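As provided, my_file-v9.cif (mmCIF, C-alpha atoms) reads as follows.
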data_final
loop_
_atom_site.label_atom_id
_atom_site.label_comp_id
_atom_site.auth_asym_id
_atom_site.auth_seq_id
_atom_site.Cartn_x
_atom_site.Cartn_y
_atom_site.Cartn_z
CA MET A 9 72.92 61.99 136.47
CA LYS A 10 69.94 60.29 134.83
CA SER A 11 66.19 60.85 134.64
CA ALA A 12 64.10 57.98 135.92
CA LEU A 13 60.46 57.15 136.53
CA PHE A 14 59.21 57.72 140.04
CA ILE A 15 56.93 55.22 141.76
CA TYR A 16 53.95 57.61 141.72
CA LYS A 17 52.78 60.71 139.85
CA VAL A 18 54.27 63.80 141.45
CA THR A 19 52.11 66.86 142.18
CA ASP A 20 53.15 70.41 141.27
CA HIS A 21 53.47 71.35 144.96
CA GLU A 22 55.80 68.39 145.60
CA SER A 23 58.02 69.13 142.62
CA GLU A 24 58.36 72.75 143.75
CA LYS A 25 59.45 71.73 147.27
CA ALA A 26 61.85 69.05 145.99
CA SER A 27 63.38 71.52 143.53
CA ASN A 28 63.88 74.03 146.34
CA SER A 29 66.07 71.56 148.24
CA TYR A 30 68.67 71.87 145.45
CA LEU A 31 68.24 75.62 145.20
CA MET A 32 68.92 75.92 148.94
CA SER A 33 72.43 74.54 148.51
CA LEU A 34 73.08 76.90 145.57
CA ILE A 35 71.99 80.01 147.48
CA ALA A 36 74.01 78.89 150.49
CA VAL A 37 77.12 78.36 148.35
CA ILE A 38 76.95 81.98 147.22
CA ALA A 39 76.17 83.29 150.73
CA GLY A 40 78.55 81.03 152.58
CA LEU A 41 81.76 81.37 150.57
CA PRO A 42 84.45 80.73 151.64
CA PHE A 43 83.10 78.80 154.65
CA PRO A 44 82.35 75.28 153.46
CA ILE A 45 79.91 74.38 156.26
CA ILE A 46 77.21 76.96 155.35
CA ASN A 47 75.70 75.10 152.37
CA LEU A 48 75.54 71.88 154.36
CA ILE A 49 73.74 73.62 157.25
CA ALA A 50 71.24 75.22 154.84
CA THR A 51 70.50 71.90 153.14
CA LEU A 52 70.29 70.15 156.51
CA ILE A 53 67.75 72.70 157.82
CA PHE A 54 65.67 72.24 154.65
CA TYR A 55 65.93 68.45 155.03
CA LEU A 56 64.80 68.56 158.67
CA GLY A 57 61.93 70.89 157.77
CA ASN A 58 60.69 68.41 155.19
CA LYS A 59 61.29 65.24 157.19
CA ARG A 60 57.56 64.49 157.36
CA SER A 61 56.87 65.52 153.77
CA THR A 62 55.96 63.20 150.89
CA TYR A 63 58.38 60.53 149.66
CA PHE A 64 59.36 62.47 146.50
CA VAL A 65 60.26 65.59 148.53
CA ARG A 66 62.12 63.59 151.20
CA TRP A 67 63.99 61.61 148.54
CA HIS A 68 65.32 64.72 146.81
CA CYS A 69 66.10 66.48 150.10
CA THR A 70 68.18 63.43 151.07
CA GLN A 71 69.98 63.33 147.70
CA ALA A 72 70.78 67.06 147.95
CA LEU A 73 71.99 66.65 151.55
CA SER A 74 74.19 63.60 150.88
CA SER A 75 75.94 65.37 148.00
CA GLN A 76 76.76 68.25 150.34
CA PHE A 77 78.56 65.94 152.79
CA SER A 78 81.26 64.93 150.30
CA LEU A 79 81.64 68.55 149.19
CA LEU A 80 81.96 69.61 152.82
CA LEU A 81 84.82 67.18 153.31
CA ILE A 82 86.88 68.22 150.26
CA ASN A 83 86.07 71.93 150.69
CA SER A 84 87.04 71.87 154.39
CA ILE A 85 90.41 70.30 153.60
CA CYS A 86 91.01 73.00 150.97
CA PHE A 87 89.90 75.74 153.39
CA TYR A 88 92.19 74.66 156.24
CA TRP A 89 95.09 73.95 153.86
CA THR A 90 94.73 77.51 152.54
CA LEU A 91 94.72 78.88 156.11
CA ALA A 92 97.85 76.85 156.90
CA ILE A 93 99.59 78.41 153.89
CA VAL A 94 98.49 81.98 154.62
CA PHE A 95 98.90 81.96 158.40
CA GLY A 96 100.85 78.79 159.18
CA PRO A 97 104.10 77.09 158.24
CA GLN A 98 102.83 75.41 155.05
CA GLN A 99 104.35 76.43 151.72
CA LEU A 100 102.53 76.95 148.44
CA SER A 101 103.08 73.81 146.35
CA ASN A 102 101.98 72.21 143.08
CA PHE A 103 100.12 69.60 145.18
CA TYR A 104 98.09 72.34 146.87
CA ILE A 105 97.27 74.09 143.58
CA GLY A 106 96.38 70.71 142.03
CA TYR A 107 94.08 69.96 144.99
CA ALA A 108 92.44 73.40 144.85
CA LEU A 109 91.80 73.01 141.10
CA THR A 110 90.31 69.52 141.65
CA VAL A 111 88.06 70.93 144.38
CA ILE A 112 86.96 73.77 142.08
CA LEU A 113 86.31 71.24 139.27
CA PHE A 114 84.16 69.02 141.52
CA ASN A 115 82.29 72.05 142.89
CA VAL A 116 81.58 73.34 139.38
CA ILE A 117 80.32 69.89 138.28
CA GLU A 118 78.12 69.74 141.37
CA PHE A 119 76.91 73.30 140.80
CA ILE A 120 75.91 72.60 137.18
CA ALA A 121 74.33 69.26 138.13
CA THR A 122 72.38 70.97 140.91
CA ILE A 123 70.99 73.64 138.57
CA GLY A 124 70.07 71.00 135.97
CA THR A 125 68.43 68.81 138.58
CA ALA A 126 66.52 71.69 140.17
CA ILE A 127 65.04 72.63 136.76
CA LYS A 128 64.10 69.04 135.89
CA VAL A 129 62.67 68.25 139.34
CA ARG A 130 60.59 71.45 139.16
CA LYS A 131 59.01 69.96 136.00
CA GLY A 132 58.22 66.81 137.97
CA ILE A 133 60.99 64.71 136.41
CA HIS A 134 62.73 62.38 138.85
CA VAL A 135 66.54 62.75 138.57
CA GLU A 136 68.98 60.25 140.08
CA TRP A 137 72.64 61.09 140.63
CA TRP A 138 75.32 58.48 140.32
CA PHE A 139 76.37 57.18 143.80
CA TYR A 140 74.19 59.70 145.69
CA SER A 141 70.96 58.10 144.45
CA THR A 142 72.22 54.67 145.60
CA LEU A 143 72.95 56.20 148.99
CA THR A 144 69.57 57.95 149.05
CA HIS A 145 67.74 54.68 148.27
CA LEU A 146 69.48 53.16 151.32
CA PHE A 147 68.47 55.92 153.73
CA CYS A 148 65.14 57.16 152.38
CA LYS A 149 62.35 54.62 152.63
CA SER A 150 58.89 55.08 151.09
CA MET B 1 75.10 48.55 150.27
CA LYS B 2 77.83 46.84 148.20
CA LYS B 3 76.87 48.93 145.16
CA ALA B 4 77.12 52.16 147.19
CA PHE B 5 80.52 51.13 148.53
CA THR B 6 81.84 50.31 145.04
CA GLN B 7 80.57 53.62 143.68
CA LEU B 8 82.13 55.46 146.63
CA LEU B 9 85.49 53.86 145.84
CA VAL B 10 85.19 54.82 142.16
CA LEU B 11 84.33 58.40 143.17
CA LEU B 12 87.24 58.51 145.60
CA PHE B 13 89.71 57.21 142.99
CA THR B 14 88.35 59.65 140.39
CA PHE B 15 88.99 62.50 142.82
CA LEU B 16 92.48 61.25 143.72
CA GLY B 17 93.27 60.66 140.02
CA CYS B 18 92.22 64.22 139.12
CA TRP B 19 94.28 65.60 142.02
CA LEU B 20 97.34 63.60 141.06
CA ALA B 21 97.03 64.52 137.37
CA LEU B 22 96.54 68.23 138.07
CA SER B 23 99.46 68.21 140.54
CA GLN B 24 101.82 67.10 137.77
CA ILE B 25 101.69 70.57 136.23
CA ASN B 26 104.46 72.79 137.59
CA TYR B 27 102.35 75.86 138.43
CA LEU B 28 105.10 77.38 140.58
CA SER B 29 107.39 77.44 137.55
CA ILE B 30 104.74 78.43 134.97
CA PHE B 31 103.53 81.41 137.00
CA LYS B 32 107.10 82.16 138.19
CA ILE B 33 105.85 82.17 141.77
CA ASN B 34 109.21 81.33 143.33
CA GLU B 35 111.12 83.76 141.10
CA THR B 36 108.71 86.58 142.00
CA LYS B 37 109.03 85.71 145.69
CA THR B 38 112.84 85.75 145.46
CA LEU B 39 112.84 89.05 143.58
CA ASN B 40 110.51 90.62 146.15
CA GLU B 41 112.64 89.28 148.99
CA GLN B 42 115.76 90.81 147.41
CA LYS B 43 114.09 94.20 146.99
CA ILE B 44 112.59 94.25 150.48
CA GLY B 45 115.79 92.99 152.11
CA ASP B 46 117.93 95.65 150.44
CA LEU B 47 115.39 98.41 151.18
CA ILE B 48 115.28 97.46 154.88
CA TRP B 49 119.04 97.09 155.13
CA GLU B 50 119.63 100.51 153.51
CA GLN B 51 117.16 102.05 155.96
CA TYR B 52 118.79 100.26 158.92
CA LYS B 53 122.27 101.32 157.82
CA LYS B 54 121.27 104.99 157.90
CA ASN B 55 120.52 104.88 161.62
CA THR B 56 123.33 102.69 162.84
CA GLN B 57 127.08 102.58 163.03
CA LEU B 58 128.64 99.71 161.09
CA ILE B 59 131.80 98.17 162.55
CA GLU B 60 134.43 97.86 159.88
CA ASN B 61 137.41 97.02 162.10
CA PRO B 62 139.23 94.28 160.10
CA LYS B 63 140.11 92.32 163.26
CA ILE B 64 136.43 91.98 164.21
CA ILE B 65 135.27 91.28 160.66
CA THR B 66 138.01 88.66 160.13
CA ALA B 67 137.06 86.81 163.32
CA VAL B 68 133.34 86.80 162.44
CA ASN B 69 134.14 85.70 158.89
CA THR B 70 136.27 82.82 160.19
CA ILE B 71 133.24 81.43 162.06
CA LYS B 72 131.01 82.12 159.05
CA GLN B 73 133.42 80.25 156.78
CA LYS B 74 133.51 77.24 159.11
CA LEU B 75 129.75 77.01 159.20
CA PHE B 76 129.28 77.61 155.48
CA THR B 77 131.98 75.28 154.15
CA ASN B 78 130.92 72.33 156.26
CA ASN B 79 127.24 72.77 155.46
CA HIS B 80 127.56 73.58 151.75
CA ILE B 81 125.87 76.96 152.16
CA ASN B 82 126.41 79.44 149.36
CA ALA B 83 128.47 82.19 151.02
CA SER B 84 127.39 84.83 148.50
CA LYS B 85 123.77 84.45 149.63
CA ILE B 86 124.40 85.64 153.20
CA GLN B 87 126.05 88.87 154.29
CA ILE B 88 126.98 89.28 157.93
CA HIS B 89 127.02 92.84 159.29
CA VAL B 90 128.45 93.74 162.69
CA VAL B 91 126.94 96.93 164.08
CA SER B 92 127.92 99.00 167.06
CA ASN B 93 124.97 98.56 169.40
CA ASP B 94 124.95 97.70 173.11
CA GLU B 95 121.69 95.77 172.85
CA ILE B 96 122.19 92.02 173.07
CA ASN B 97 120.57 91.14 169.77
CA ALA B 98 121.11 89.39 166.47
CA PHE B 99 118.57 89.10 163.68
CA ALA B 100 118.17 88.11 160.08
CA LEU B 101 116.61 90.33 157.42
CA PRO B 102 115.24 89.29 154.03
CA ASN B 103 117.74 88.65 151.23
CA GLY B 104 120.31 87.08 153.54
CA HIS B 105 121.32 90.06 155.68
CA LEU B 106 122.43 88.85 159.12
CA VAL B 107 122.92 91.59 161.69
CA LEU B 108 125.07 91.00 164.79
CA HIS B 109 125.10 93.62 167.53
CA SER B 110 128.44 94.28 169.19
CA GLY B 111 126.59 93.93 172.53
CA LEU B 112 125.75 90.34 171.69
CA ILE B 113 129.33 89.42 170.73
CA SER B 114 130.61 90.94 173.98
CA TRP B 115 127.97 89.02 175.99
CA CYS B 116 129.07 85.65 174.52
CA ASN B 117 131.34 83.74 176.89
CA ASN B 118 133.24 81.99 174.12
CA PRO B 119 133.42 81.81 170.29
CA GLU B 120 131.26 78.66 170.29
CA GLU B 121 128.31 80.61 171.74
CA LEU B 122 128.74 83.22 169.02
CA ALA B 123 128.91 80.45 166.39
CA ALA B 124 125.72 78.94 167.87
CA VAL B 125 123.81 82.25 167.60
CA MET B 126 125.09 82.75 164.06
CA ALA B 127 124.09 79.18 163.12
CA HIS B 128 120.59 79.82 164.49
CA GLU B 129 120.15 83.01 162.45
CA ILE B 130 121.63 81.38 159.34
CA ALA B 131 119.06 78.60 159.79
CA HIS B 132 116.26 81.23 159.74
CA ILE B 133 117.68 82.55 156.46
CA GLU B 134 118.21 79.13 154.87
CA LYS B 135 114.72 77.95 155.87
CA LYS B 136 113.23 81.17 154.45
CA HIS B 137 111.51 82.02 157.74
CA ILE B 138 112.01 85.77 157.48
CA MET B 139 109.76 86.54 154.52
CA ASP B 140 107.16 84.08 155.82
CA LYS B 141 107.10 85.91 159.15
CA MET B 142 106.87 89.31 157.48
CA VAL B 143 104.09 88.28 155.12
CA LYS B 144 102.12 86.83 158.04
CA GLU B 145 102.60 89.85 160.27
CA MET B 146 102.26 92.65 157.76
CA GLY B 147 100.43 91.08 154.83
CA SER B 148 101.70 90.78 151.29
CA SER B 149 99.87 93.99 150.25
CA VAL B 150 101.96 96.10 152.67
CA LEU B 151 105.16 94.51 151.38
CA SER B 152 104.12 95.04 147.74
CA ALA B 153 103.37 98.70 148.52
CA LEU B 154 106.81 98.93 150.11
CA ILE B 155 108.50 97.62 146.96
CA ASN B 156 106.50 99.88 144.65
CA SER B 157 106.79 103.10 146.66
CA LYS B 158 110.02 104.95 145.92
CA GLN B 159 110.47 106.51 149.32
CA GLY B 160 109.02 103.97 151.73
CA GLY B 161 109.35 106.50 154.52
CA GLU B 162 107.41 105.80 157.69
CA MET B 163 106.17 102.43 156.45
CA LEU B 164 109.72 101.28 155.84
CA LYS B 165 110.73 102.35 159.36
CA GLN B 166 107.89 100.33 160.85
CA VAL B 167 108.78 97.27 158.77
CA MET B 168 112.40 97.64 159.85
CA GLN B 169 111.38 97.93 163.49
CA ARG B 170 109.25 94.80 163.26
CA ALA B 171 111.85 92.82 161.34
CA SER B 172 114.44 93.35 164.06
CA SER B 173 112.31 93.14 167.18
CA THR B 174 109.49 90.63 166.78
CA ALA B 175 109.69 86.96 167.57
CA PHE B 176 109.25 84.02 165.25
CA ASP B 177 106.58 81.57 166.29
CA ARG B 178 107.53 78.53 168.34
CA GLU B 179 107.50 76.14 165.39
CA LEU B 180 109.92 78.23 163.32
CA GLU B 181 112.22 78.75 166.33
CA SER B 182 112.34 75.00 166.97
CA GLU B 183 113.11 74.35 163.31
CA ALA B 184 115.89 76.97 163.37
CA ASP B 185 117.32 75.43 166.58
CA ALA B 186 117.31 71.93 165.12
CA THR B 187 118.95 73.16 161.90
CA ALA B 188 121.53 75.17 163.87
CA VAL B 189 122.46 72.02 165.83
CA THR B 190 123.05 70.21 162.52
CA TYR B 191 125.13 73.11 161.17
CA LEU B 192 127.29 73.20 164.33
CA PHE B 193 127.64 69.41 164.35
CA ASN B 194 128.77 69.38 160.70
CA ALA B 195 131.29 72.12 161.48
CA ASN B 196 132.62 70.06 164.44
CA ILE B 197 131.55 72.79 166.87
CA ASP B 198 129.88 71.47 170.03
CA PRO B 199 126.12 72.24 169.60
CA GLU B 200 125.69 72.17 173.39
CA TYR B 201 126.83 75.81 173.40
CA LEU B 202 123.53 76.77 171.77
CA ALA B 203 121.71 75.24 174.75
CA THR B 204 124.03 76.85 177.31
CA PHE B 205 123.62 80.21 175.59
CA LEU B 206 119.82 79.91 175.77
CA MET B 207 119.96 78.76 179.42
CA ARG B 208 122.12 81.77 180.25
CA LEU B 209 119.69 84.00 178.38
CA SER B 210 116.70 82.70 180.34
CA ALA B 211 118.53 82.95 183.67
CA THR B 212 119.54 86.58 183.17
CA THR B 213 117.37 88.97 185.13
CA ASP B 214 119.44 92.14 185.00
CA MET B 215 120.23 94.12 181.82
CA SER B 216 116.56 93.78 180.85
CA ASP B 217 116.73 96.92 178.71
CA LEU B 218 119.57 95.55 176.65
CA LEU B 219 118.47 91.94 176.47
CA VAL B 220 116.37 92.32 173.30
CA LEU B 221 117.23 88.76 172.26
CA LEU B 222 115.18 87.44 175.19
CA ASN B 223 112.06 89.25 173.89
CA THR B 224 112.54 87.98 170.36
CA HIS B 225 113.44 84.47 171.50
CA PRO B 226 110.99 83.51 174.27
CA ASN B 227 110.80 80.05 175.91
CA SER B 228 114.60 79.83 175.90
CA LYS B 229 114.65 77.29 178.72
CA GLU B 230 112.27 74.90 176.95
CA ARG B 231 114.20 75.28 173.73
CA ALA B 232 117.48 74.53 175.49
CA GLY B 233 115.90 71.29 176.73
CA SER B 234 114.83 70.27 173.21
CA ILE B 235 118.31 71.05 171.89
CA LEU B 236 119.94 68.89 174.57
CA ASN B 237 117.57 66.03 173.66
CA GLN B 238 118.61 66.36 170.03
CA ILE B 239 122.31 66.47 170.96
CA ASN B 240 122.00 63.26 173.01
CA LYS B 241 121.31 61.39 169.78
CA LEU B 242 124.43 62.80 168.11
CA HIS B 243 128.00 61.70 168.74
CA LEU B 244 130.49 64.43 167.92
CA LYS B 245 133.93 62.86 167.62
CA ASN B 246 136.30 65.72 166.80
CA LYS B 247 135.27 68.85 168.66
CA THR B 248 137.01 71.97 167.41
CA SER B 249 136.93 75.55 168.59
CA ALA B 250 134.97 78.06 166.55
CA LEU B 251 137.97 80.40 166.92
CA ASP B 252 141.36 79.89 168.53
CA SER B 253 141.96 81.74 171.80
CA LEU B 254 144.16 84.35 170.12
CA GLN B 255 141.47 85.23 167.56
CA TRP B 256 138.78 85.32 170.29
CA ASN B 257 140.88 87.59 172.50
CA THR B 258 141.59 89.85 169.54
CA LEU B 259 137.87 90.01 168.79
CA THR B 260 136.82 90.83 172.36
CA ASN B 261 139.64 93.35 172.84
CA SER B 262 138.77 95.06 169.56
CA LEU B 263 135.15 95.32 170.68
CA LYS B 264 136.28 96.87 173.98
CA ASP B 265 138.41 99.37 172.05
CA ASN B 266 135.44 100.12 169.83
CA LEU B 267 133.28 100.76 172.90
CA SER B 268 135.91 103.02 174.46
CA ASN B 269 136.20 104.99 171.23
CA LYS B 270 132.44 105.32 171.09
CA LEU B 271 132.28 106.65 174.66
CA ALA B 272 135.16 109.02 173.98
CA THR B 273 133.40 110.36 170.88
CA LYS B 274 130.20 110.89 172.90
CA ARG B 275 132.07 112.95 175.50
#
structure tokens encoding of this file:
Amino acid sequence: MKSALFIYKVTDHESEKASNSYLMSLIAVIAGLPFPIINLIATLIFYLGNKRSTYFVRWHCTQALSSQFSLLLINSICFYWTLAIVFGPQQLSNFYIGYALTVILFNVIEFIATIGTAIKVRKGIHVEWWFYSTLTHLFCKS
Amino acid sequence: MKKAFTQLLVLLFTFLGCWLALSQINYLSIFKINETKTLNEQKIGDLIWEQYKKNTQLIENPKIITAVNTIKQKLFTNNHINASKIQIHVVSNDEINAFALPNGHLVLHSGLISWCNNPEELAAVMAHEIAHIEKKHIMDKMVKEMGSSVLSALINSKQGGEMLKQVMQRASSTAFDRELESEADATAVTYLFNANIDPEYLATFLMRLSATTDMSDLLVLLNTHPNSKERAGSILNQINKLHLKNKTSALDSLQWNTLTNSLKDNLSNKLATKR
């Protein structure tokens, strides 16, 4: 996660909207637990609603959305693995606990990064996440 | 694009590395998960068995017990199963049923033994139930059906009472799911094969079970073991891949006749007592 200069000066209205895209995923995480799809849907709705917005808003909506995709994948595996243990033939194993802890670790990192980014973006500071910003630059054109 | 792909790979390997590293810790041992499970299984199994014993008549005729133990010994010795882990109880009950309870209690109804055409069929049923015990299917089934909270309450309550009766009822009369039944069948075939008993008798027993239309009130085993015909087919497929060289009888004819005659005597005594 690093702060970078944006190509133009961001207005207060833009920074508020862009910051909200990160907050959406946080609220949805709390509301949607333990279903991993909820935060992605919330971020996706926010992204679609701001599709025609300014570049700064679109860029941050895309970064927030792309980060949710990888979380959706690892969280879904954890969710269905848990169901298979509780209701199916799978047994509790060190591999499962190790996976669940890794998923929790990655979620916590993402959660902290999201809060930090939301605060900085609200102040008009452009924040780029490692890997996700590269992906966002590919998909979001000015 | 290349940069994104490289970063994706780094991210993926970081995730896998974390997973692998965190999986090296033996959580099951640290938190004594398996020990707690075993202890709970022992307590629940003994509670259920004590409850079951109160409402049933145990058969203690040495001729019957010796014959059943001979089959048990054959299966256990050839499959390296710890004999102290499993206790086989023969109960006087006309229902054609056999079931396993937690903590290695295997219950055989006298009705089932009488319904078997030969000792190999009895050995096949016993092998199937032993497989459920060895594969730890019983506690899994109970936890799924009743929830771990009910079972914990059962352990902690001194009386158990009505709850214990319900658990007992479910343990003896509900079916395992298809996957567990198939696993128990496949394991039973291996047990029988290792003991030089023809595993085909498990298939013929199941075929006979599915073809029986009368005695529906007594045929509890059919309710707890559905899809018998399909399962017989799967067993025969498995057997086709095996080549059993030295087939032996589960019991010699003298022992089998003694067993069946003793059961008949037991039934006559029971009827005489009723009158």
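Applying a distance limit of 8 Å to all atoms listed in the file, the residues of chain A near chain B read A:Val94, A:Phe95, A:Pro97, A:Ser101, A:Asn102, A:Phe103, A:Tyr104, A:Ile105, A:Gly106, A:Tyr107, A:Leu109, A:Thr110, A:Trp138, A:Phe139, A:Thr142, A:Leu143, A:Leu146.
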Point to revise | Evaluate the PyMOL selection byres ((chain A and resi 29) around 7) and report residues as a ChimeraX atom specification | key: /A:25-28,30-32,51,54,69,72
Exercise for review: List the neighbours of Lys85 of chain B out to 10 Å using only C-alpha atoms; skip same-chain residues closer than 3 positions along the sequence, and give me the result as an NGL selection string.
Suggested key: :B and (81-82 or 103-105 or 133-134)
Practice item. Pull the neighbourhood of (135.8, 93.7, 159.2) for me: all residues within 12 Å in file coordinates, counting all atoms listed in the file, as number ranges by chain. Key: B: 58-70, 87-91, 259, 262-263
Review point. To one decimal place, how far is atom CA of Phe77 of chain A from atom CA of Lys149 of chain A in Å?
Key: 19.8 Å
Exercise for review: Run the PyMOL selection byres ((chain B and resi 131) around 9) against the file shown and list the residues it catches, as a list of chain:residue names.
Suggested key: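 Taken over the shown coordinates, the PyMOL selection byres ((chain B and resi 131) around 9) returns B:Met126, B:Ala127, B:His128, B:Glu129, B:Ile130, B:His132, B:Ile133, B:Glu134, B:Lys135, B:Lys136, B:His137, B:Glu183, B:Ala184, B:Asp185, B:Ala186, B:Thr187, B:Ala188, B:Tyr191.
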With N, CA and C atoms as the target, complete segment 106-131 of chain B and hand it back as a PDB file, keeping the file's coordinate frame.
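Printed below is part-v7.pdb as written:
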ATOM      1  N   LEU B 106     122.394  89.296 157.718  1.00  0.00           N
ATOM      2  CA  LEU B 106     122.430  88.850 159.120  1.00  0.00           C
ATOM      3  C   LEU B 106     123.107  89.947 159.937  1.00  0.00           C
ATOM      4  N   VAL B 107     122.390  90.476 160.910  1.00  0.00           N
ATOM      5  CA  VAL B 107     122.920  91.590 161.690  1.00  0.00           C
ATOM      6  C   VAL B 107     123.317  91.109 163.092  1.00  0.00           C
ATOM      7  N   LEU B 108     124.574  91.365 163.449  1.00  0.00           N
ATOM      8  CA  LEU B 108     125.070  91.000 164.790  1.00  0.00           C
ATOM      9  C   LEU B 108     125.373  92.292 165.539  1.00  0.00           C
ATOM     10  N   HIS B 109     124.786  92.448 166.711  1.00  0.00           N
ATOM     11  CA  HIS B 109     125.100  93.620 167.530  1.00  0.00           C
ATOM     12  C   HIS B 109     126.412  93.368 168.282  1.00  0.00           C
ATOM     13  N   SER B 110     127.179  94.430 168.452  1.00  0.00           N
ATOM     14  CA  SER B 110     128.440  94.280 169.190  1.00  0.00           C
ATOM     15  C   SER B 110     128.158  93.848 170.641  1.00  0.00           C
ATOM     16  N   GLY B 111     126.994  94.301 171.160  1.00  0.00           N
ATOM     17  CA  GLY B 111     126.590  93.930 172.530  1.00  0.00           C
ATOM     18  C   GLY B 111     126.437  92.426 172.684  1.00  0.00           C
ATOM     19  N   LEU B 112     125.939  91.794 171.642  1.00  0.00           N
ATOM     20  CA  LEU B 112     125.750  90.340 171.690  1.00  0.00           C
ATOM     21  C   LEU B 112     127.104  89.622 171.693  1.00  0.00           C
ATOM     22  N   ILE B 113     128.006  90.082 170.817  1.00  0.00           N
ATOM     23  CA  ILE B 113     129.330  89.420 170.730  1.00  0.00           C
ATOM     24  C   ILE B 113     130.037  89.544 172.078  1.00  0.00           C
ATOM     25  N   SER B 114     129.946  90.739 172.688  1.00  0.00           N
ATOM     26  CA  SER B 114     130.610  90.940 173.980  1.00  0.00           C
ATOM     27  C   SER B 114     129.981  90.062 175.072  1.00  0.00           C
ATOM     28  N   TRP B 115     128.678  89.799 174.953  1.00  0.00           N
ATOM     29  CA  TRP B 115     127.970  89.020 175.990  1.00  0.00           C
ATOM     30  C   TRP B 115     128.279  87.511 175.889  1.00  0.00           C
ATOM     31  N   CYS B 116     128.750  87.077 174.702  1.00  0.00           N
ATOM     32  CA  CYS B 116     129.070  85.650 174.520  1.00  0.00           C
ATOM     33  C   CYS B 116     130.302  85.304 175.367  1.00  0.00           C
ATOM     34  N   ASN B 117     130.234  84.160 176.027  1.00  0.00           N
ATOM     35  CA  ASN B 117     131.340  83.740 176.890  1.00  0.00           C
ATOM     36  C   ASN B 117     132.511  83.142 176.104  1.00  0.00           C
ATOM     37  N   ASN B 118     132.206  82.643 174.926  1.00  0.00           N
ATOM     38  CA  ASN B 118     133.240  81.990 174.120  1.00  0.00           C
ATOM     39  C   ASN B 118     132.835  82.032 172.649  1.00  0.00           C
ATOM     40  N   PRO B 119     133.754  81.731 171.735  1.00  0.00           N
ATOM     41  CA  PRO B 119     133.420  81.810 170.290  1.00  0.00           C
ATOM     42  C   PRO B 119     132.360  80.802 169.881  1.00  0.00           C
ATOM     43  N   GLU B 120     132.244  79.691 170.652  1.00  0.00           N
ATOM     44  CA  GLU B 120     131.260  78.660 170.290  1.00  0.00           C
ATOM     45  C   GLU B 120     129.830  79.189 170.484  1.00  0.00           C
ATOM     46  N   GLU B 121     129.649  80.011 171.519  1.00  0.00           N
ATOM     47  CA  GLU B 121     128.310  80.610 171.740  1.00  0.00           C
ATOM     48  C   GLU B 121     127.966  81.547 170.583  1.00  0.00           C
ATOM     49  N   LEU B 122     128.960  82.309 170.159  1.00  0.00           N
ATOM     50  CA  LEU B 122     128.740  83.220 169.020  1.00  0.00           C
ATOM     51  C   LEU B 122     128.414  82.412 167.762  1.00  0.00           C
ATOM     52  N   ALA B 123     129.155  81.328 167.557  1.00  0.00           N
ATOM     53  CA  ALA B 123     128.910  80.450 166.390  1.00  0.00           C
ATOM     54  C   ALA B 123     127.499  79.865 166.466  1.00  0.00           C
ATOM     55  N   ALA B 124     127.052  79.529 167.694  1.00  0.00           N
ATOM     56  CA  ALA B 124     125.720  78.940 167.870  1.00  0.00           C
ATOM     57  C   ALA B 124     124.630  79.952 167.497  1.00  0.00           C
ATOM     58  N   VAL B 125     124.797  81.201 167.945  1.00  0.00           N
ATOM     59  CA  VAL B 125     123.810  82.250 167.600  1.00  0.00           C
ATOM     60  C   VAL B 125     123.804  82.484 166.091  1.00  0.00           C
ATOM     61  N   MET B 126     125.008  82.530 165.512  1.00  0.00           N
ATOM     62  CA  MET B 126     125.090  82.750 164.060  1.00  0.00           C
ATOM     63  C   MET B 126     124.437  81.581 163.309  1.00  0.00           C
ATOM     64  N   ALA B 127     124.678  80.360 163.774  1.00  0.00           N
ATOM     65  CA  ALA B 127     124.090  79.180 163.120  1.00  0.00           C
ATOM     66  C   ALA B 127     122.564  79.240 163.182  1.00  0.00           C
ATOM     67  N   HIS B 128     122.038  79.707 164.317  1.00  0.00           N
ATOM     68  CA  HIS B 128     120.590  79.820 164.490  1.00  0.00           C
ATOM     69  C   HIS B 128     120.002  80.841 163.501  1.00  0.00           C
ATOM     70  N   GLU B 129     120.646  81.976 163.376  1.00  0.00           N
ATOM     71  CA  GLU B 129     120.150  83.010 162.450  1.00  0.00           C
ATOM     72  C   GLU B 129     120.321  82.579 160.997  1.00  0.00           C
ATOM     73  N   ILE B 130     121.429  81.894 160.710  1.00  0.00           N
ATOM     74  CA  ILE B 130     121.630  81.380 159.340  1.00  0.00           C
ATOM     75  C   ILE B 130     120.524  80.374 159.000  1.00  0.00           C
ATOM     76  N   ALA B 131     120.138  79.579 160.008  1.00  0.00           N
ATOM     77  CA  ALA B 131     119.060  78.600 159.790  1.00  0.00           C
ATOM     78  C   ALA B 131     117.759  79.318 159.430  1.00  0.00           C
TER      79      ALA B 131
END
